[in-house]
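Peer 1: Supplied structure: start13.txt, compact mmCIF, C-alpha atoms.
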```
# COMPACT_ATOMS: atom_id res chain seq x y z
CA MET R 15 -5.05 -14.60 41.80
CA SER R 16 -4.69 -16.37 38.46
CA GLU R 17 -2.10 -15.21 35.98
CA PHE R 18 -2.77 -14.64 32.32
CA GLU R 19 -0.79 -13.42 29.34
CA ILE R 20 -1.92 -11.00 26.67
CA ASN R 21 -0.59 -11.72 23.21
CA LEU R 22 -0.53 -8.50 21.25
CA PRO R 23 -1.39 -8.84 17.53
CA HIS R 24 1.38 -8.61 15.00
CA SER R 25 1.80 -4.96 14.02
CA GLU R 26 1.24 -4.66 10.30
CA PRO R 27 2.84 -1.76 8.41
CA LEU R 28 0.43 1.12 7.85
CA LEU R 29 -0.40 3.01 4.68
CA ILE R 30 -0.81 6.57 6.00
CA VAL R 31 -2.37 9.39 3.99
CA ILE R 32 -1.80 12.97 5.12
CA SER R 33 -4.11 15.29 3.23
CA GLY R 34 -5.99 18.55 3.55
CA PRO R 35 -6.84 21.71 1.64
CA SER R 36 -4.33 23.68 -0.40
CA GLY R 37 -2.17 25.88 1.80
CA VAL R 38 -2.72 23.93 5.02
CA GLY R 39 0.98 23.07 5.31
CA LYS R 40 1.22 19.45 4.15
CA ASP R 41 4.72 19.87 2.71
CA THR R 42 5.95 21.64 5.85
CA ILE R 43 4.59 18.89 8.11
CA ILE R 44 6.24 16.15 6.02
CA GLN R 45 9.54 18.06 6.06
CA ARG R 46 9.46 18.37 9.86
CA MET R 47 8.67 14.65 10.21
CA LYS R 48 11.73 13.89 8.08
CA GLU R 49 13.90 16.26 10.12
CA ARG R 50 12.91 14.37 13.26
CA ASN R 51 14.06 11.08 11.68
CA LEU R 52 10.75 9.38 12.31
CA PRO R 53 10.82 5.71 11.19
CA PHE R 54 8.55 6.06 8.16
CA GLN R 55 8.98 5.70 4.43
CA PHE R 56 7.98 9.04 2.92
CA VAL R 57 6.66 8.67 -0.61
CA VAL R 58 7.87 11.24 -3.15
CA THR R 59 5.03 12.38 -5.42
CA ALA R 60 5.49 12.51 -9.19
CA THR R 61 4.23 15.65 -10.95
CA THR R 62 4.30 17.43 -14.28
CA ARG R 63 4.31 20.91 -12.77
CA PRO R 64 7.58 22.86 -12.86
CA PRO R 65 9.62 22.98 -9.64
CA ARG R 66 9.21 25.95 -7.33
CA PRO R 67 12.31 27.75 -6.02
CA ASN R 68 14.46 25.49 -3.81
CA GLU R 69 12.51 22.32 -4.73
CA VAL R 70 14.75 19.36 -5.57
CA HIS R 71 13.94 16.54 -8.02
CA GLY R 72 13.70 13.22 -6.21
CA LYS R 73 13.49 14.88 -2.78
CA ASP R 74 10.48 17.20 -2.82
CA TYR R 75 8.84 15.77 -5.95
CA PHE R 76 9.75 13.79 -9.04
CA PHE R 77 9.37 16.34 -11.84
CA TYR R 78 8.43 14.73 -15.17
CA SER R 79 7.36 15.92 -18.59
CA HIS R 80 3.82 15.13 -19.73
CA ASP R 81 5.19 12.44 -22.08
CA GLU R 82 7.14 10.79 -19.26
CA PHE R 83 4.10 10.87 -17.00
CA ALA R 84 1.89 9.39 -19.73
CA GLU R 85 4.36 6.52 -20.11
CA MET R 86 4.18 5.82 -16.36
CA ILE R 87 0.37 5.68 -16.61
CA GLU R 88 0.50 3.27 -19.55
CA LYS R 89 2.92 0.96 -17.74
CA GLY R 90 0.78 0.89 -14.59
CA GLN R 91 3.59 2.39 -12.51
CA LEU R 92 1.34 4.75 -10.53
CA LEU R 93 -0.76 3.80 -7.52
CA GLU R 94 -3.07 6.74 -8.23
CA TYR R 95 -2.91 9.90 -10.31
CA ALA R 96 -5.05 12.94 -11.00
CA ILE R 97 -5.05 16.33 -12.69
CA VAL R 98 -4.48 19.06 -10.11
CA TYR R 99 -4.52 22.69 -11.27
CA ASN R 100 -3.84 21.65 -14.89
CA ASP R 101 -0.90 19.41 -13.99
CA TYR R 102 -0.69 15.71 -13.23
CA LYS R 103 0.25 14.32 -9.83
CA GLY R 104 0.66 10.67 -8.94
CA ILE R 105 2.13 8.16 -6.47
CA PRO R 106 4.78 5.75 -7.82
CA ARG R 107 3.53 2.23 -7.02
CA ALA R 108 6.95 0.65 -6.40
CA GLN R 109 7.82 3.08 -3.59
CA VAL R 110 4.76 2.01 -1.63
CA SER R 111 4.79 -1.74 -2.27
CA ASP R 112 8.53 -2.06 -1.54
CA ALA R 113 8.24 -0.17 1.76
CA LEU R 114 5.22 -2.15 2.96
CA ALA R 115 6.95 -5.41 2.03
CA SER R 116 9.91 -4.40 4.20
CA GLY R 117 7.58 -3.78 7.16
CA LYS R 118 7.86 0.02 7.10
CA ASP R 119 4.97 2.40 7.63
CA VAL R 120 4.40 4.43 4.47
CA VAL R 121 3.42 8.12 4.61
CA MET R 122 1.86 9.72 1.53
CA ARG R 123 1.16 13.43 1.12
CA LEU R 124 -1.91 13.77 -1.08
CA ASP R 125 -4.41 16.40 -2.11
CA VAL R 126 -8.02 15.66 -1.18
CA GLN R 127 -8.79 14.25 -4.63
CA GLY R 128 -5.90 11.78 -4.43
CA ALA R 129 -6.83 10.81 -0.88
CA ALA R 130 -10.36 9.92 -2.03
CA THR R 131 -8.90 7.61 -4.68
CA ILE R 132 -6.69 5.85 -2.14
CA ARG R 133 -9.66 5.45 0.23
CA LYS R 134 -11.59 3.63 -2.52
CA LEU R 135 -8.65 1.44 -3.58
CA TYR R 136 -7.34 0.69 -0.07
CA PRO R 137 -10.09 1.08 2.58
CA GLU R 138 -7.67 0.04 5.33
CA ALA R 139 -5.40 3.05 4.74
CA LEU R 140 -5.07 5.42 7.71
CA MET R 141 -6.50 8.77 6.60
CA ILE R 142 -5.43 11.96 8.42
CA PHE R 143 -6.89 15.34 7.44
CA LEU R 144 -4.87 18.46 8.19
CA SER R 145 -7.02 21.50 8.86
CA PRO R 146 -6.20 25.17 9.35
CA GLN R 147 -7.51 26.80 12.52
CA GLY R 148 -9.94 28.86 10.46
CA GLU R 149 -10.68 30.06 6.95
CA ALA R 150 -8.91 33.40 7.46
CA GLU R 151 -5.69 31.58 8.34
CA MET R 152 -6.04 29.34 5.28
CA VAL R 153 -6.54 32.30 2.93
CA ASN R 154 -3.61 34.15 4.51
CA ARG R 155 -1.29 31.18 3.98
CA LEU R 156 -2.23 30.94 0.32
CA GLN R 157 -1.67 34.67 -0.16
CA GLU R 158 1.72 34.58 1.56
CA ARG R 159 3.00 31.84 -0.77
CA LYS R 160 2.90 34.31 -3.69
CA THR R 161 3.15 31.47 -6.21
CA GLU R 162 -0.10 32.22 -8.03
CA THR R 163 -1.54 34.85 -10.34
CA PRO R 164 -4.55 36.71 -8.89
CA GLU R 165 -6.84 34.42 -10.91
CA GLY R 166 -4.93 31.35 -9.78
CA LEU R 167 -5.14 32.46 -6.15
CA LYS R 168 -8.93 32.82 -6.41
CA LEU R 169 -9.13 29.29 -7.78
CA ARG R 170 -6.92 27.95 -4.97
CA ILE R 171 -9.06 29.62 -2.30
CA ALA R 172 -12.32 28.41 -3.83
CA THR R 173 -10.94 24.87 -4.16
CA ALA R 174 -9.61 24.89 -0.58
CA ARG R 175 -13.03 25.88 0.74
CA GLN R 176 -14.59 22.98 -1.13
CA GLU R 177 -11.87 20.57 0.03
CA MET R 178 -12.65 21.39 3.66
CA THR R 179 -16.06 19.74 3.24
CA HIS R 180 -14.37 16.34 2.69
CA VAL R 181 -13.09 16.07 6.27
CA ILE R 182 -15.90 13.66 7.12
CA SER R 183 -14.33 11.06 4.79
CA PHE R 184 -11.19 10.81 6.96
CA ASP R 185 -10.38 8.85 10.12
CA TYR R 186 -8.76 11.73 12.02
CA VAL R 187 -8.56 15.51 11.77
CA VAL R 188 -5.53 17.43 13.08
CA ILE R 189 -5.51 21.22 13.29
CA ASN R 190 -2.21 22.61 12.02
CA ARG R 191 -2.02 25.91 13.90
CA GLU R 192 0.41 28.64 12.97
CA LEU R 193 3.67 28.44 14.95
CA HIS R 194 2.70 25.03 16.41
CA LEU R 195 4.39 22.80 13.85
CA ASP R 196 5.93 20.36 16.33
CA GLU R 197 2.63 20.04 18.18
CA THR R 198 0.98 18.98 14.91
CA VAL R 199 3.71 16.41 14.22
CA ASP R 200 3.39 15.08 17.78
CA THR R 201 -0.35 14.58 17.30
CA ILE R 202 0.10 12.77 13.99
CA THR R 203 2.77 10.52 15.52
CA SER R 204 0.50 9.72 18.47
CA ILE R 205 -2.28 8.69 16.09
CA ILE R 206 0.07 6.33 14.24
CA VAL R 207 1.34 4.81 17.50
CA ALA R 208 -2.24 4.29 18.70
CA GLU R 209 -3.16 2.56 15.45
CA HIS R 210 -0.33 0.08 15.99
CA HIS R 211 -1.90 -0.84 19.34
CA LYS R 212 -5.32 -1.65 17.95
CA VAL R 213 -6.68 -5.10 18.75
CA LYS R 214 -7.69 -5.47 15.09
CA PRO R 215 -4.85 -3.84 13.16
CA ARG R 216 -5.24 -2.46 9.64
CA LYS R 217 -3.68 -4.51 6.85
CA VAL R 218 -3.03 -3.06 3.42
CA THR R 219 -1.90 -5.08 0.40
CA ILE R 220 -0.66 -3.24 -2.68
```
Would you put the structure from the file into structure tokens?
Peer 2:
Amino acid sequence: MSEFEINLPHSEPLLIVISGPSGVGKDTIIQRMKERNLPFQFVVTATTRPPRPNEVHGKDYFFYSHDEFAEMIEKGQLLEYAIVYNDYKGIPRAQVSDALASGKDVVMRLDVQGAATIRKLYPEALMIFLSPQGEAEMVNRLQERKTETPEGLKLRIATARQEMTHVISFDYVVINRELHLDETVDTITSIIVAEHHKVKPRKVTI
């Protein structure tokens, strides 16, 4: 029997987008991934909205004034930005480019609008859509947050329903079931590992 050797392709760092409708648990998933010390660079989103209770500047988000955010836009310091519920959100460019240059996978938590922008700018990004198990669960999660006025909650629910229709634009969908947080993180990690074993790996240049 002849012998042969398989040379695996060099594993390029991945640009990973974790997105999904409002209330699906994106922040919770990212937090659990950090707690498990997974070897990724987690991008901290910049925003002009005020911090919620227990949120920390530089850890959960970078909280900026509208003037500070406008200056970042003018200087080209944001990879993407958008208006979300009357406030700006954006991804600091340097965080992403520095991590990719060091060979680290980069994980970004984005709303569906931001994910669509990244898909257009960087088609090789790995796009993962988090989905609730059903609409009733999604609505219940939004209600339990108690961070909105009744009018704001209606807007969140209507927007979340519309965001669910964008799942077809993603590479993978992962159902984030209640009380199955670690199972969701395991699935996301498995997807990332599988992507690193592709014969034709993704390559993203910022």
Peer 1: Draw an axis-aligned box tight on the listed atoms of region 130-133 of chain R, then pad every side by 3 Å and write out centre and edge lengths in Å to one decimal as JSON.
Peer 2:
```
{"center_x": -8.5, "center_y": 7.7, "center_z": -2.2, "size_x": 9.7, "size_y": 10.5, "size_z": 10.9}
```
Peer 1: Just checking: using only C-alpha atoms, which residue out of R:Ser145, R:Ile206, R:Arg46, R:His211 ends up closest to His180 (chain R)?
Peer 2: R:Ser145
Peer 1: Give me, as CSV, the closest atom pair and its distance (Å, one decimal) for every residue of region 152-220 of chain R within a cut-off of 12 Å of region 120-126 of chain R, counting all atoms listed in the file, rows sorted by chain and rising number.
Peer 2:
```
residue,atom,partner,partner_atom,distance
R:Thr173,CA,R:Val126,CA,10.1
R:Ala174,CA,R:Val126,CA,9.4
R:Arg175,CA,R:Val126,CA,11.5
R:Gln176,CA,R:Val126,CA,9.8
R:Glu177,CA,R:Val126,CA,6.4
R:Met178,CA,R:Val126,CA,8.8
R:Thr179,CA,R:Val126,CA,10.0
R:His180,CA,R:Val126,CA,7.5
R:Val181,CA,R:Val126,CA,9.0
R:Ile182,CA,R:Val126,CA,11.6
R:Ser183,CA,R:Val126,CA,9.8
R:Phe184,CA,R:Val126,CA,10.0
R:Ile202,CA,R:Val121,CA,11.0
R:Thr203,CA,R:Val121,CA,11.2
R:Ile206,CA,R:Val121,CA,10.4
R:Val218,CA,R:Val120,CA,10.6
R:Ile220,CA,R:Val120,CA,11.6
```
Peer 1: Counting all atoms listed in the file, which of R:Tyr102, R:Tyr78, R:Tyr95, R:Tyr186 gets nearest to Ile142 (chain R)?
Peer 2: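 Smallest separation from Ile142 (chain R) among the options: R:Tyr186.
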Peer 1: Expressed in Å to a single decimal, how great is the separation between CA of Pro137 (chain R) and CA of Thr198 (chain R)?
Peer 2: 24.4 Å
Peer 1: Pick the closest to Thr219 (chain R) from R:Tyr136, R:Phe83, R:Phe77, R:Tyr99: which is it, counting all atoms listed in the file?
Peer 2: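 Once distances to Thr219 (chain R) are computed over all atoms listed in the file, the minimum belongs to R:Tyr136.
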Peer 1: Do a neighbour search on Gly37 (chain R) at 8 Å with only C-alpha atoms, toss out local chain neighbours closer than 5 positions, and write the hits as a ChimeraX atom specification.
Peer 2: /R:152-153,155-156,174
Peer 1: Any chance you could tabulate, as a tab-separated table, the residues of region 44-85 of chain R at most 9 Å from region 108-115 of chain R with each one's nearest atom pair and distance in Å to one decimal, using only C-alpha atoms, in chain and rising number order?
Peer 2:
```
residue	atom	partner	partner_atom	distance
R:Phe54	CA	R:Ala113	CA	8.9
R:Gln55	CA	R:Ala113	CA	6.5
R:Phe56	CA	R:Gln109	CA	8.8
R:Val57	CA	R:Gln109	CA	6.4
R:Val58	CA	R:Gln109	CA	8.2
```
Peer 1: So which residues touch region 39-44 of chain R within 8 Å, counting all atoms listed in the file, skipping near sequence neighbours fewer than 3 positions away, as a list in words?
Peer 2: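 These residues fall inside the cut-off: Ile32, Ser33, Gly34, Ser36, Met47, Lys48, Phe56, Arg123, Leu144, Asn190, Leu195, Thr198 and Val199 of chain R.
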Peer 1: To one decimal in Å, tell me the separation between CA of Leu29 (chain R) and CA of Phe143 (chain R).
Peer 2: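 Calculated distance between CA of Leu29 (chain R) and CA of Phe143 (chain R) is 14.2 Å.
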Peer 1: Which is closer to Arg216 (chain R) than all the others in R:Thr163, R:Ala139, R:Pro65, R:Gly90, using only C-alpha atoms?
Peer 2: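 Ranked by minimum distance to Arg216 (chain R), first place goes to R:Ala139.
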